[in-house]
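Student: So that you have it, the file is entry_37.cif, and it contains mmCIF, C-alpha atoms and all ligand atoms:
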```
data_protein
loop_
_atom_site.group_PDB
_atom_site.id
_atom_site.type_symbol
_atom_site.label_atom_id
_atom_site.label_comp_id
_atom_site.auth_asym_id
_atom_site.auth_seq_id
_atom_site.Cartn_x
_atom_site.Cartn_y
_atom_site.Cartn_z
ATOM 1 C CA MET H 1 74.072 134.181 8.659
ATOM 2 C CA ALA H 2 73.723 130.606 9.855
ATOM 3 C CA TYR H 3 77.471 129.997 10.092
ATOM 4 C CA ARG H 4 77.913 132.589 12.825
ATOM 5 C CA TRP H 5 78.611 130.443 15.860
ATOM 6 C CA LYS H 6 79.197 131.469 19.410
ATOM 7 C CA ASN H 7 82.152 130.351 21.398
ATOM 8 C CA THR H 8 81.899 127.833 24.171
ATOM 9 C CA LEU H 9 85.406 128.879 25.253
ATOM 10 C CA SER H 10 84.380 132.126 26.903
ATOM 11 C CA ASP H 11 87.390 132.456 29.224
ATOM 12 C CA ARG H 12 90.305 133.913 27.273
ATOM 13 C CA HIS H 13 92.654 133.263 30.171
ATOM 14 C CA VAL H 14 92.463 129.476 30.082
ATOM 15 C CA THR H 15 96.114 128.501 30.134
ATOM 16 C CA ASP H 16 96.147 124.742 29.798
ATOM 17 C CA GLU H 17 96.256 123.415 26.249
ATOM 18 C CA SER H 18 94.858 120.056 27.424
ATOM 19 C CA ILE H 19 91.766 121.795 28.803
ATOM 20 C CA TYR H 20 91.430 123.337 25.404
ATOM 21 C CA MET H 21 91.597 119.936 23.725
ATOM 22 C CA ASN H 22 88.819 118.610 25.938
ATOM 23 C CA ARG H 23 86.701 121.595 25.141
ATOM 24 C CA ARG H 24 87.414 121.166 21.475
ATOM 25 C CA GLN H 25 86.198 117.579 21.560
ATOM 26 C CA LEU H 26 83.020 118.826 23.178
ATOM 27 C CA MET H 27 82.706 121.472 20.527
ATOM 28 C CA THR H 28 83.207 118.929 17.747
ATOM 29 C CA ALA H 29 80.354 116.914 19.177
ATOM 30 C CA ALA H 30 78.223 120.027 19.403
ATOM 31 C CA ALA H 31 79.197 121.020 15.882
ATOM 32 C CA SER H 32 78.068 117.724 14.367
ATOM 33 C CA GLY H 33 74.672 118.411 15.899
ATOM 34 C CA LEU H 34 74.791 121.815 14.310
ATOM 35 C CA ALA H 35 75.764 120.270 10.983
ATOM 36 C CA MET H 36 72.636 118.141 11.055
ATOM 37 C CA ALA H 37 70.734 121.359 11.603
ATOM 38 C CA GLY H 38 72.403 122.654 8.451
ATOM 39 C CA ILE H 39 75.132 124.887 9.885
ATOM 40 C CA ALA H 40 77.829 123.510 7.640
ATOM 41 C CA GLY H 41 80.451 126.214 8.108
ATOM 42 C CA ALA H 42 80.828 125.593 11.831
ATOM 43 C CA ALA H 43 81.077 121.851 11.398
ATOM 44 C CA ARG H 44 83.738 122.127 8.715
ATOM 45 C CA ALA H 45 85.781 124.558 10.788
ATOM 46 C CA GLU H 46 85.637 122.252 13.798
ATOM 47 C CA ALA H 47 86.958 119.327 11.756
ATOM 48 C CA LEU H 48 90.282 121.122 11.129
ATOM 49 C CA GLU H 49 93.332 119.798 12.973
ATOM 50 C CA THR H 50 94.960 122.811 14.624
ATOM 51 C CA ASN H 51 98.693 123.538 14.576
ATOM 52 C CA SER H 52 100.567 123.475 17.874
ATOM 53 C CA TRP H 53 101.117 126.562 20.027
ATOM 54 C CA GLU H 54 104.810 126.170 19.191
ATOM 55 C CA ASP H 55 104.218 126.204 15.407
ATOM 56 C CA ILE H 56 101.949 129.234 15.603
ATOM 57 C CA THR H 57 104.139 131.341 17.885
ATOM 58 C CA SER H 58 107.674 130.578 16.677
ATOM 59 C CA TYR H 59 107.378 130.908 12.879
ATOM 60 C CA ASN H 60 106.086 134.418 12.213
ATOM 61 C CA ASN H 61 106.053 137.314 9.814
ATOM 62 C CA TYR H 62 106.201 140.634 11.664
ATOM 63 C CA TYR H 63 108.769 142.698 9.807
ATOM 64 C CA GLU H 64 108.806 145.485 12.416
ATOM 65 C CA PHE H 65 110.848 142.986 14.466
ATOM 66 C CA GLY H 66 113.004 141.629 11.635
ATOM 67 C CA THR H 67 112.518 139.684 8.437
ATOM 68 C CA SER H 68 113.521 136.184 9.497
ATOM 69 C CA LYS H 69 110.765 133.844 10.683
ATOM 70 C CA SER H 70 112.346 133.493 14.129
ATOM 71 C CA ASP H 71 112.903 137.248 14.723
ATOM 72 C CA PRO H 72 109.402 138.151 16.021
ATOM 73 C CA ALA H 73 109.478 135.454 18.722
ATOM 74 C CA LYS H 74 112.950 136.689 19.738
ATOM 75 C CA TYR H 75 112.370 140.446 19.720
ATOM 76 C CA ALA H 76 108.656 141.288 19.946
ATOM 77 C CA HIS H 77 108.589 141.020 23.754
ATOM 78 C CA THR H 78 109.860 144.614 23.854
ATOM 79 C CA LEU H 79 106.557 145.939 22.511
ATOM 80 C CA VAL H 80 104.504 147.480 25.318
ATOM 81 C CA THR H 81 100.909 146.366 24.737
ATOM 82 C CA SER H 82 99.225 147.793 27.821
ATOM 83 C CA PRO H 83 97.709 150.347 28.018
ATOM 84 C CA TRP H 84 96.421 150.212 24.438
ATOM 85 C CA SER H 85 93.886 152.212 22.527
ATOM 86 C CA VAL H 86 92.594 152.247 18.973
ATOM 87 C CA GLN H 87 91.811 155.495 17.189
ATOM 88 C CA ILE H 88 88.657 155.010 15.118
ATOM 89 C CA ASP H 89 88.034 157.899 12.746
ATOM 90 C CA GLY H 90 86.969 159.000 9.285
ATOM 91 C CA LEU H 91 83.369 158.340 8.232
ATOM 92 C CA VAL H 92 82.018 157.346 11.664
ATOM 93 C CA ASP H 93 79.460 158.965 13.996
ATOM 94 C CA ARG H 94 81.616 158.694 17.133
ATOM 95 C CA PRO H 95 85.296 159.171 16.220
ATOM 96 C CA GLY H 96 87.882 158.978 18.975
ATOM 97 C CA ALA H 97 90.401 156.949 20.910
ATOM 98 C CA TYR H 98 88.810 153.721 22.158
ATOM 99 C CA ALA H 99 90.587 152.120 25.122
ATOM 100 C CA LEU H 100 91.087 148.413 24.544
ATOM 101 C CA GLU H 101 89.573 147.464 27.902
ATOM 102 C CA ASP H 102 86.420 149.449 27.052
ATOM 103 C CA ILE H 103 86.178 147.713 23.673
ATOM 104 C CA LEU H 104 86.664 144.288 25.272
ATOM 105 C CA SER H 105 84.036 144.961 27.942
ATOM 106 C CA LYS H 106 81.452 145.256 25.145
ATOM 107 C CA MET H 107 82.578 142.245 23.077
ATOM 108 C CA THR H 108 81.935 138.530 23.456
ATOM 109 C CA ILE H 109 85.140 136.595 22.878
ATOM 110 C CA GLU H 110 84.557 133.583 20.635
ATOM 111 C CA GLU H 111 86.837 130.885 19.336
ATOM 112 C CA ARG H 112 87.318 130.625 15.560
ATOM 113 C CA ILE H 113 89.388 127.812 14.112
ATOM 114 C CA TYR H 114 90.572 129.134 10.747
ATOM 115 C CA ARG H 115 92.920 128.091 7.983
ATOM 116 C CA PHE H 116 95.687 130.666 7.554
ATOM 117 C CA ARG H 117 97.508 130.857 4.198
ATOM 118 C CA CYS H 118 100.568 133.064 3.714
ATOM 119 C CA VAL H 119 101.246 134.416 0.216
ATOM 120 C CA GLU H 120 104.651 132.667 0.527
ATOM 121 C CA ALA H 121 102.742 129.346 0.252
ATOM 122 C CA TRP H 122 103.003 128.004 3.803
ATOM 123 C CA SER H 123 99.859 127.475 5.861
ATOM 124 C CA MET H 124 98.573 126.564 9.272
ATOM 125 C CA VAL H 125 95.323 126.165 11.192
ATOM 126 C CA VAL H 126 94.892 128.520 14.148
ATOM 127 C CA PRO H 127 92.342 128.473 16.987
ATOM 128 C CA TRP H 128 91.911 132.235 17.389
ATOM 129 C CA ASN H 129 89.983 133.952 20.137
ATOM 130 C CA GLY H 130 88.414 137.235 19.217
ATOM 131 C CA PHE H 131 85.302 139.069 18.109
ATOM 132 C CA GLU H 132 83.768 140.149 14.830
ATOM 133 C CA LEU H 133 85.230 143.346 13.408
ATOM 134 C CA SER H 134 81.694 144.487 12.541
ATOM 135 C CA ASP H 135 80.803 144.555 16.265
ATOM 136 C CA MET H 136 83.751 146.849 16.967
ATOM 137 C CA LEU H 137 82.931 149.151 14.041
ATOM 138 C CA GLU H 138 79.358 149.417 15.359
ATOM 139 C CA LEU H 139 80.752 151.045 18.518
ATOM 140 C CA ALA H 140 81.915 153.976 16.401
ATOM 141 C CA GLY H 141 78.878 153.984 14.084
ATOM 142 C CA VAL H 142 79.749 153.504 10.415
ATOM 143 C CA GLN H 143 78.333 156.275 8.223
ATOM 144 C CA SER H 144 76.495 155.510 4.995
ATOM 145 C CA GLY H 145 79.205 157.067 2.809
ATOM 146 C CA ALA H 146 81.901 154.655 4.037
ATOM 147 C CA LYS H 147 83.136 152.162 1.429
ATOM 148 C CA TYR H 148 86.526 151.005 2.786
ATOM 149 C CA VAL H 149 88.263 150.384 6.093
ATOM 150 C CA ALA H 150 91.937 151.336 6.555
ATOM 151 C CA PHE H 151 94.090 149.840 9.328
ATOM 152 C CA GLU H 152 97.416 150.947 10.799
ATOM 153 C CA THR H 153 99.960 149.126 12.978
ATOM 154 C CA VAL H 154 101.639 150.831 15.904
ATOM 155 C CA LEU H 155 104.998 152.432 15.024
ATOM 156 C CA ARG H 156 107.468 152.653 17.910
ATOM 157 C CA PRO H 157 111.093 152.599 16.708
ATOM 158 C CA ASP H 158 112.378 152.228 20.292
ATOM 159 C CA GLU H 159 110.415 149.013 20.726
ATOM 160 C CA MET H 160 110.608 147.709 17.152
ATOM 161 C CA PRO H 161 114.176 146.936 16.028
ATOM 162 C CA GLY H 162 113.125 146.089 12.459
ATOM 163 C CA VAL H 163 111.781 149.516 11.525
ATOM 164 C CA ARG H 164 115.267 151.015 11.160
ATOM 165 C CA TYR H 165 115.429 149.034 7.893
ATOM 166 C CA PRO H 166 113.349 150.423 5.029
ATOM 167 C CA VAL H 167 111.959 147.002 4.067
ATOM 168 C CA LEU H 168 108.505 148.543 3.981
ATOM 169 C CA ASP H 169 107.218 152.090 4.295
ATOM 170 C CA TRP H 170 106.328 152.200 8.034
ATOM 171 C CA PRO H 171 103.850 152.143 9.644
ATOM 172 C CA TYR H 172 102.414 148.921 8.181
ATOM 173 C CA VAL H 173 99.001 149.710 6.701
ATOM 174 C CA GLU H 174 96.240 147.509 5.305
ATOM 175 C CA GLY H 175 92.701 147.850 4.027
ATOM 176 C CA LEU H 176 89.471 146.065 3.234
ATOM 177 C CA ARG H 177 86.349 146.909 1.303
ATOM 178 C CA LEU H 178 83.557 147.680 3.801
ATOM 179 C CA ASP H 179 81.544 144.561 2.910
ATOM 180 C CA GLU H 180 84.657 142.403 3.462
ATOM 181 C CA ALA H 181 85.229 144.095 6.818
ATOM 182 C CA MET H 182 81.602 143.522 7.864
ATOM 183 C CA ASN H 183 81.586 139.846 6.835
ATOM 184 C CA PRO H 184 81.072 137.609 9.891
ATOM 185 C CA LEU H 185 84.285 135.683 9.107
ATOM 186 C CA THR H 186 86.398 138.829 9.608
ATOM 187 C CA ILE H 187 87.584 139.006 13.196
ATOM 188 C CA MET H 188 89.840 140.951 15.517
ATOM 189 C CA ALA H 189 91.932 138.388 17.377
ATOM 190 C CA THR H 190 92.940 138.832 21.013
ATOM 191 C CA GLY H 191 94.013 135.284 21.812
ATOM 192 C CA ILE H 192 95.192 131.876 20.591
ATOM 193 C CA TYR H 193 94.366 128.595 22.347
ATOM 194 C CA GLY H 194 92.526 130.580 25.019
ATOM 195 C CA LYS H 195 95.660 132.512 26.021
ATOM 196 C CA ASP H 196 96.363 136.181 25.327
ATOM 197 C CA ILE H 197 97.771 136.561 21.827
ATOM 198 C CA PRO H 198 101.589 136.716 21.992
ATOM 199 C CA ASN H 199 103.345 139.866 20.801
ATOM 200 C CA GLN H 200 104.862 138.061 17.809
ATOM 201 C CA ASN H 201 101.338 137.232 16.608
ATOM 202 C CA GLY H 202 100.140 140.841 16.840
ATOM 203 C CA ALA H 203 99.216 141.635 20.450
ATOM 204 C CA PRO H 204 97.049 143.000 21.744
ATOM 205 C CA LEU H 205 94.669 143.199 18.788
ATOM 206 C CA ARG H 206 95.156 142.019 15.198
ATOM 207 C CA LEU H 207 92.963 141.499 12.189
ATOM 208 C CA VAL H 208 92.241 137.991 10.823
ATOM 209 C CA VAL H 209 90.718 137.677 7.336
ATOM 210 C CA PRO H 210 90.887 133.928 6.693
ATOM 211 C CA TRP H 211 90.103 133.913 2.963
ATOM 212 C CA LYS H 212 92.904 136.362 2.104
ATOM 213 C CA TYR H 213 96.677 135.940 2.087
ATOM 214 C CA GLY H 214 98.189 136.389 5.543
ATOM 215 C CA PHE H 215 99.663 139.831 4.939
ATOM 216 C CA LYS H 216 96.159 141.336 4.915
ATOM 217 C CA SER H 217 95.822 140.261 8.571
ATOM 218 C CA ILE H 218 97.565 143.322 10.031
ATOM 219 C CA LYS H 219 98.978 143.154 13.557
ATOM 220 C CA SER H 220 98.985 145.391 16.666
ATOM 221 C CA ILE H 221 96.376 147.818 15.330
ATOM 222 C CA VAL H 222 96.258 151.398 16.665
ATOM 223 C CA ARG H 223 94.108 153.092 14.052
ATOM 224 C CA ILE H 224 91.050 152.234 11.967
ATOM 225 C CA THR H 225 89.752 154.768 9.447
ATOM 226 C CA LEU H 226 86.501 154.512 7.488
ATOM 227 C CA THR H 227 86.894 156.073 4.042
ATOM 228 C CA ASP H 228 85.155 156.414 0.701
ATOM 229 C CA THR H 229 88.286 155.662 -1.334
ATOM 230 C CA GLN H 230 90.443 152.525 -1.534
ATOM 231 C CA PRO H 231 93.240 152.960 1.023
ATOM 232 C CA PRO H 232 96.930 152.324 0.297
ATOM 233 C CA THR H 233 98.289 149.000 1.620
ATOM 234 C CA SER H 234 101.909 148.259 2.546
ATOM 235 C CA TRP H 235 102.709 145.340 0.243
ATOM 236 C CA ASN H 236 100.819 146.858 -2.654
ATOM 237 C CA LYS H 237 102.816 150.108 -2.283
ATOM 238 C CA SER H 238 106.024 148.109 -2.064
ATOM 239 C CA ASN H 239 105.323 145.947 -5.145
ATOM 240 C CA GLY H 240 101.949 146.446 -6.778
ATOM 241 C CA ARG H 241 102.688 143.957 -9.541
ATOM 242 C CA GLU H 242 103.060 141.139 -7.023
ATOM 243 C CA TYR H 243 100.601 142.114 -4.280
ATOM 244 C CA GLY H 244 97.124 143.390 -5.109
ATOM 245 C CA PHE H 245 94.641 145.169 -2.870
ATOM 246 C CA TYR H 246 92.311 142.151 -2.738
ATOM 247 C CA SER H 247 94.862 139.356 -2.290
ATOM 248 C CA ASN H 248 92.201 136.685 -2.006
ATOM 249 C CA VAL H 249 93.639 133.178 -1.721
ATOM 250 C CA ASN H 250 93.331 131.762 -5.229
ATOM 251 C CA PRO H 251 95.087 128.580 -6.409
ATOM 252 C CA GLU H 252 94.441 129.586 -10.040
ATOM 253 C CA VAL H 253 96.254 132.926 -9.925
ATOM 254 C CA SER H 254 100.017 132.491 -9.608
ATOM 255 C CA HIS H 255 102.280 134.938 -7.877
ATOM 256 C CA PRO H 256 104.648 136.292 -10.592
ATOM 257 C CA ARG H 257 107.496 134.293 -8.961
ATOM 258 C CA TRP H 258 105.761 131.084 -7.792
ATOM 259 C CA SER H 259 102.609 129.015 -8.124
ATOM 260 C CA GLN H 260 99.820 129.370 -5.572
ATOM 261 C CA ALA H 261 98.246 126.003 -6.476
ATOM 262 C CA THR H 262 99.700 124.204 -3.443
ATOM 263 C CA GLU H 263 100.947 125.033 0.035
ATOM 264 C CA ARG H 264 103.267 123.638 2.721
ATOM 265 C CA PRO H 265 101.414 123.012 5.983
ATOM 266 C CA LEU H 266 103.510 124.089 8.989
ATOM 267 C CA GLY H 267 104.459 121.428 11.490
ATOM 268 C CA GLY H 268 104.639 118.640 8.969
ATOM 269 C CA GLY H 269 108.416 118.369 9.079
ATOM 270 C CA LEU H 270 110.935 118.637 6.303
ATOM 271 C CA PHE H 271 109.449 115.892 4.112
ATOM 272 C CA ALA H 272 105.779 116.693 4.644
ATOM 273 C CA SER H 273 103.887 116.697 1.382
ATOM 274 C CA ARG H 274 102.366 119.842 0.023
ATOM 275 C CA GLN H 275 98.603 120.101 -0.072
ATOM 276 C CA PRO H 276 96.319 121.739 -2.612
ATOM 277 C CA THR H 277 95.359 125.339 -1.881
ATOM 278 C CA LEU H 278 91.611 125.861 -1.768
ATOM 279 C CA MET H 279 89.762 128.638 -3.589
ATOM 280 C CA LEU H 280 89.236 131.509 -1.124
ATOM 281 C CA ASN H 281 91.153 129.299 1.322
ATOM 282 C CA GLY H 282 88.111 127.039 1.678
ATOM 283 C CA TYR H 283 85.663 129.826 2.577
ATOM 284 C CA GLN H 284 83.856 130.003 -0.771
ATOM 285 C CA ASP H 285 80.406 129.328 0.694
ATOM 286 C CA GLU H 286 80.804 132.270 3.035
ATOM 287 C CA VAL H 287 82.493 134.893 0.840
ATOM 288 C CA ALA H 288 82.338 134.047 -2.892
ATOM 289 C CA SER H 289 79.253 136.263 -3.214
ATOM 290 C CA LEU H 290 81.379 139.307 -2.310
ATOM 291 C CA TYR H 291 83.198 138.939 -5.629
ATOM 292 C CA GLU H 292 80.330 138.042 -7.951
ATOM 293 C CA GLY H 293 80.890 139.515 -11.382
ATOM 294 C CA MET H 294 84.488 140.521 -10.580
ATOM 295 C CA ASP H 295 87.435 139.234 -12.603
ATOM 296 C CA LEU H 296 89.656 137.777 -9.869
ATOM 297 C CA ARG H 297 92.714 137.821 -12.156
ATOM 298 C CA GLU H 298 92.344 141.517 -12.752
ATOM 299 C CA HIS H 299 91.448 142.257 -9.096
ATOM 300 C CA PHE H 300 94.102 139.967 -7.590
HETATM 301 N N1 LIG H 401 102.205 144.940 11.176
HETATM 302 C C1 LIG H 401 102.428 143.804 10.504
HETATM 303 N N2 LIG H 401 101.410 142.954 10.294
HETATM 304 C C2 LIG H 401 101.618 141.781 9.622
HETATM 305 C C3 LIG H 401 102.901 141.468 9.091
HETATM 306 C C4 LIG H 401 103.957 142.404 9.322
HETATM 307 O O1 LIG H 401 105.118 142.211 8.907
HETATM 308 N N3 LIG H 401 103.683 143.542 10.047
HETATM 309 N N4 LIG H 401 103.084 140.312 8.365
HETATM 310 C C5 LIG H 401 101.891 139.750 7.727
HETATM 311 C C6 LIG H 401 102.137 138.437 7.123
HETATM 312 S S1 LIG H 401 103.017 138.397 5.679
HETATM 313 C C7 LIG H 401 101.608 137.292 7.646
HETATM 314 S S2 LIG H 401 101.756 135.810 6.845
HETATM 315 C C8 LIG H 401 100.930 137.317 8.953
HETATM 316 C C9 LIG H 401 101.600 136.320 9.877
HETATM 317 O O2 LIG H 401 100.870 136.188 11.066
HETATM 318 P P1 LIG H 401 101.402 135.204 12.193
HETATM 319 O O3 LIG H 401 102.822 135.589 12.482
HETATM 320 O O4 LIG H 401 100.487 135.411 13.348
HETATM 321 O O5 LIG H 401 101.331 133.832 11.624
HETATM 322 O O6 LIG H 401 100.931 138.587 9.578
HETATM 323 C C10 LIG H 401 100.711 139.674 8.691
HETATM 324 N N5 LIG H 401 100.572 140.912 9.442
HETATM 325 MO MO MO H 402 102.535 136.331 4.691
#
```
Render the structure in this file as structure tokens.
Ligand SMILES: Nc1nc2c(c(=O)[nH]1)N[C@H]1C(S)=C(S)[C@@H](COP(=O)(O)O)O[C@H]1N2
Ligand SMILES: [Mo]

Tutor:
Amino acid sequence: MAYRWKNTLSDRHVTDESIYMNRRQLMTAAASGLAMAGIAGAARAEALETNSWEDITSYNNYYEFGTSKSDPAKYAHTLVTSPWSVQIDGLVDRPGAYALEDILSKMTIEERIYRFRCVEAWSMVVPWNGFELSDMLELAGVQSGAKYVAFETVLRPDEMPGVRYPVLDWPYVEGLRLDEAMNPLTIMATGIYGKDIPNQNGAPLRLVVPWKYGFKSIKSIVRITLTDTQPPTSWNKSNGREYGFYSNVNPEVSHPRWSQATERPLGGGLFASRQPTLMLNGYQDEVASLYEGMDLREHF
């Protein structure tokens, strides 16, 4: 697809946010050239004003470390993220444990500036670094019978103080339909602002599906299973009336307890005005075709 764009920020260890800003200005200039060539998705993404490192890394949902927004930044440092490996199994040609460094040696890290919309109706814009999930699944060889992809977060009670509370049925699990997983917008993130992704944001490897509510973007992944049946997902198991399998961002479908028509952008301060929520979080051009003919109220 034309909106697949390669990163100019190839070094994931850049540590200076100001360097990043300079690069971003360069990229914006490059993107407007691309826009004239008709690559609209890249240009629109580049026009987004990103949230600060502070916003992105201090207000988190990662219930394995506690349920308050400040808990993950306080407690997630105890999670040991190296060495790390991901078990890829189910309907694949080459099942097994894939060491993260081996995966990374075969991937090109790109930057993707995406809107991020939590089901709780707050939002932010994040400059992720990562690679397309489809490229990682290719390593294992997806078999023709596969229809869904199931994901699992690491479960280590000694390193995760929140899992002694039965808020959710641990480990945290999520899932996508195979075509959603293979869409070029779906990435595995390894960094933010060119730095390694902090533990509270899902180190060392987390999913990012920008057109779905944030809870689909599962953190600290240790297992990926290709299946032919729709996998169970944590929030759906916990309350299926409120959280569907699809959970596509949709301003027209209210949560049973609140409207999804607007959202509160993070970083705007106490009196910042809410902004309208966009259909599929603004990624309609890229992903609306996945849901053609589906009733999005029924498949919420
Ligand atoms: N394993 C795990 N993944 C998770 C969560 C969680 O509690 N545990 N929270 C989800 C929710 S509700 C959101 S909004 C995002 C938040 O990601 P962020 O903290 O990087 O903004 O992570 C998602 N992934
Ligand atoms: Mo969320």

Student: I'd like the contact shell of H:Met160 - 10 Å cut-off, all atoms listed in the file, skipping same-chain residues fewer than 4 positions apart - returned as a PDB file with C-alpha atoms, keeping the file's coordinate frame.

Tutor:
```pdb
ATOM      1  CA  TYR H  62     106.201 140.634  11.664  1.00  0.00           C
ATOM      2  CA  TYR H  63     108.769 142.698   9.807  1.00  0.00           C
ATOM      3  CA  GLU H  64     108.806 145.485  12.416  1.00  0.00           C
ATOM      4  CA  PHE H  65     110.848 142.986  14.466  1.00  0.00           C
ATOM      5  CA  GLY H  66     113.004 141.629  11.635  1.00  0.00           C
ATOM      6  CA  PRO H  72     109.402 138.151  16.021  1.00  0.00           C
ATOM      7  CA  TYR H  75     112.370 140.446  19.720  1.00  0.00           C
ATOM      8  CA  ALA H  76     108.656 141.288  19.946  1.00  0.00           C
ATOM      9  CA  HIS H  77     108.589 141.020  23.754  1.00  0.00           C
ATOM     10  CA  THR H  78     109.860 144.614  23.854  1.00  0.00           C
ATOM     11  CA  LEU H  79     106.557 145.939  22.511  1.00  0.00           C
ATOM     12  CA  VAL H 154     101.639 150.831  15.904  1.00  0.00           C
ATOM     13  CA  LEU H 155     104.998 152.432  15.024  1.00  0.00           C
ATOM     14  CA  ARG H 156     107.468 152.653  17.910  1.00  0.00           C
ATOM     15  CA  ARG H 164     115.267 151.015  11.160  1.00  0.00           C
TER      16      ARG H 164
END
```

Student: For the file shown, report as a PDB file with C-alpha atoms, in the frame of the given file the outcome of the PyMOL selection byres (((not hetatm)) within 6 of (chain H and resi 401)) at residue level.

Tutor:
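Written output follows (expr_31.pdb):
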```pdb
ATOM      1  CA  ASN H  60     106.086 134.418  12.213  1.00  0.00           C
ATOM      2  CA  ASN H  61     106.053 137.314   9.814  1.00  0.00           C
ATOM      3  CA  TYR H  62     106.201 140.634  11.664  1.00  0.00           C
ATOM      4  CA  TYR H  63     108.769 142.698   9.807  1.00  0.00           C
ATOM      5  CA  GLU H  64     108.806 145.485  12.416  1.00  0.00           C
ATOM      6  CA  CYS H 118     100.568 133.064   3.714  1.00  0.00           C
ATOM      7  CA  THR H 153      99.960 149.126  12.978  1.00  0.00           C
ATOM      8  CA  TYR H 172     102.414 148.921   8.181  1.00  0.00           C
ATOM      9  CA  ASN H 201     101.338 137.232  16.608  1.00  0.00           C
ATOM     10  CA  GLY H 214      98.189 136.389   5.543  1.00  0.00           C
ATOM     11  CA  PHE H 215      99.663 139.831   4.939  1.00  0.00           C
ATOM     12  CA  SER H 217      95.822 140.261   8.571  1.00  0.00           C
ATOM     13  CA  ILE H 218      97.565 143.322  10.031  1.00  0.00           C
ATOM     14  CA  LYS H 219      98.978 143.154  13.557  1.00  0.00           C
TER      15      LYS H 219
END
```

Student: Which value, in Å to one decimal, gives the distance between atom CA of H:Gln87 and atom CA of H:Gln230?

Tutor: 19.0 Å

Student: Within 6 Å of H:Thr262, counting all atoms listed in the file, which residues qualify if same-chain residues fewer than 5 places away don't, as a ChimeraX atom specification?

Tutor: /H:275-277

Student: Name the closest residue to H:Lys74 among the candidates H:Ala181, H:Glu132, H:Pro198, H:Arg223; distances are taken between atoms, counting all atoms listed in the file.

Tutor: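 Of H:Ala181, H:Glu132, H:Pro198, H:Arg223, the one nearest H:Lys74 is H:Pro198, counting all atoms listed in the file.
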
Student: As a PDB file with C-alpha atoms, keeping the file's coordinate frame, please: the residues near H:Thr50 (cut-off 10 Å, all atoms listed in the file, same-chain neighbours under 3 positions excluded).

Tutor:
```pdb
ATOM      1  CA  GLU H  46      85.637 122.252  13.798  1.00  0.00           C
ATOM      2  CA  ALA H  47      86.958 119.327  11.756  1.00  0.00           C
ATOM      3  CA  TRP H  53     101.117 126.562  20.027  1.00  0.00           C
ATOM      4  CA  ASP H  55     104.218 126.204  15.407  1.00  0.00           C
ATOM      5  CA  ILE H  56     101.949 129.234  15.603  1.00  0.00           C
ATOM      6  CA  ILE H 113      89.388 127.812  14.112  1.00  0.00           C
ATOM      7  CA  TYR H 114      90.572 129.134  10.747  1.00  0.00           C
ATOM      8  CA  ARG H 115      92.920 128.091   7.983  1.00  0.00           C
ATOM      9  CA  MET H 124      98.573 126.564   9.272  1.00  0.00           C
ATOM     10  CA  VAL H 125      95.323 126.165  11.192  1.00  0.00           C
ATOM     11  CA  VAL H 126      94.892 128.520  14.148  1.00  0.00           C
ATOM     12  CA  PRO H 127      92.342 128.473  16.987  1.00  0.00           C
ATOM     13  CA  TYR H 193      94.366 128.595  22.347  1.00  0.00           C
TER      14      TYR H 193
END
```

Student: Quick one: which residues end up in the PyMOL selection byres (((chain H and resi 89-100) around 9) and not hetatm) for this structure, as a compact mmCIF listing (two decimals) with C-alpha atoms, in the frame of the given file?

Tutor:
```
# COMPACT_ATOMS: atom_id res chain seq x y z
CA SER H 82 99.22 147.79 27.82
CA PRO H 83 97.71 150.35 28.02
CA TRP H 84 96.42 150.21 24.44
CA SER H 85 93.89 152.21 22.53
CA VAL H 86 92.59 152.25 18.97
CA GLN H 87 91.81 155.50 17.19
CA ILE H 88 88.66 155.01 15.12
CA GLU H 101 89.57 147.46 27.90
CA ASP H 102 86.42 149.45 27.05
CA ILE H 103 86.18 147.71 23.67
CA LEU H 104 86.66 144.29 25.27
CA SER H 105 84.04 144.96 27.94
CA LEU H 137 82.93 149.15 14.04
CA LEU H 139 80.75 151.04 18.52
CA ALA H 140 81.92 153.98 16.40
CA GLY H 141 78.88 153.98 14.08
CA VAL H 142 79.75 153.50 10.42
CA GLN H 143 78.33 156.28 8.22
CA SER H 144 76.50 155.51 5.00
CA GLY H 145 79.20 157.07 2.81
CA ALA H 146 81.90 154.66 4.04
CA PRO H 204 97.05 143.00 21.74
CA LEU H 205 94.67 143.20 18.79
CA ARG H 223 94.11 153.09 14.05
CA ILE H 224 91.05 152.23 11.97
CA THR H 225 89.75 154.77 9.45
CA LEU H 226 86.50 154.51 7.49
CA THR H 227 86.89 156.07 4.04
CA ASP H 228 85.16 156.41 0.70
```

Student: Show which residues sit within 12 Å of H:Thr186, as a list in words. Count all atoms listed in the file, and ignore same-chain residues fewer than 6 positions away.

Tutor: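 Residues meeting the cut-off are Arg4, Arg112, Tyr114, Trp128, Gly130, Phe131, Glu132, Leu133, Ser134, Asp135, Met136, Leu137, Leu176, Arg177, Leu178, Asp179, Glu180, Arg206, Leu207, Val208, Val209, Pro210, Trp211, Lys212, Lys216, Ser217, Tyr283, Glu286 and Val287 of chain H.
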
Student: Find the residue from H:Arg257, H:Ala121, H:Ala150, H:Ile109 that sits nearest to ligand MO 402 (chain H); use all atoms listed in the file when measuring.

Tutor: H:Ala121

Student: May I ask which of the residues H:Thr190, H:Thr81, H:Asn51, H:Ser247 is the closest one to ligand MO 402 (chain H), counting all atoms listed in the file?

Tutor: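 The answer is H:Ser247, which sits nearest to ligand MO 402 (chain H).
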
Student: Taking all atoms listed in the file into account, which of H:Trp170, H:His299, H:Pro232, H:Thr67 comes nearest ligand MO 402 (chain H)?

Tutor: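 Using all atoms listed in the file, ligand MO 402 (chain H) sits closest to H:Thr67.
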
Student: Could you check the closest approach to ligand MO 402 (chain H) for each of H:Arg117, H:Lys106, H:Lys195, H:Lys237 and tell me which residue wins, using all atoms listed in the file?

Tutor: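 Nearest candidate to ligand MO 402 (chain H) out of H:Arg117, H:Lys106, H:Lys195, H:Lys237: H:Arg117.
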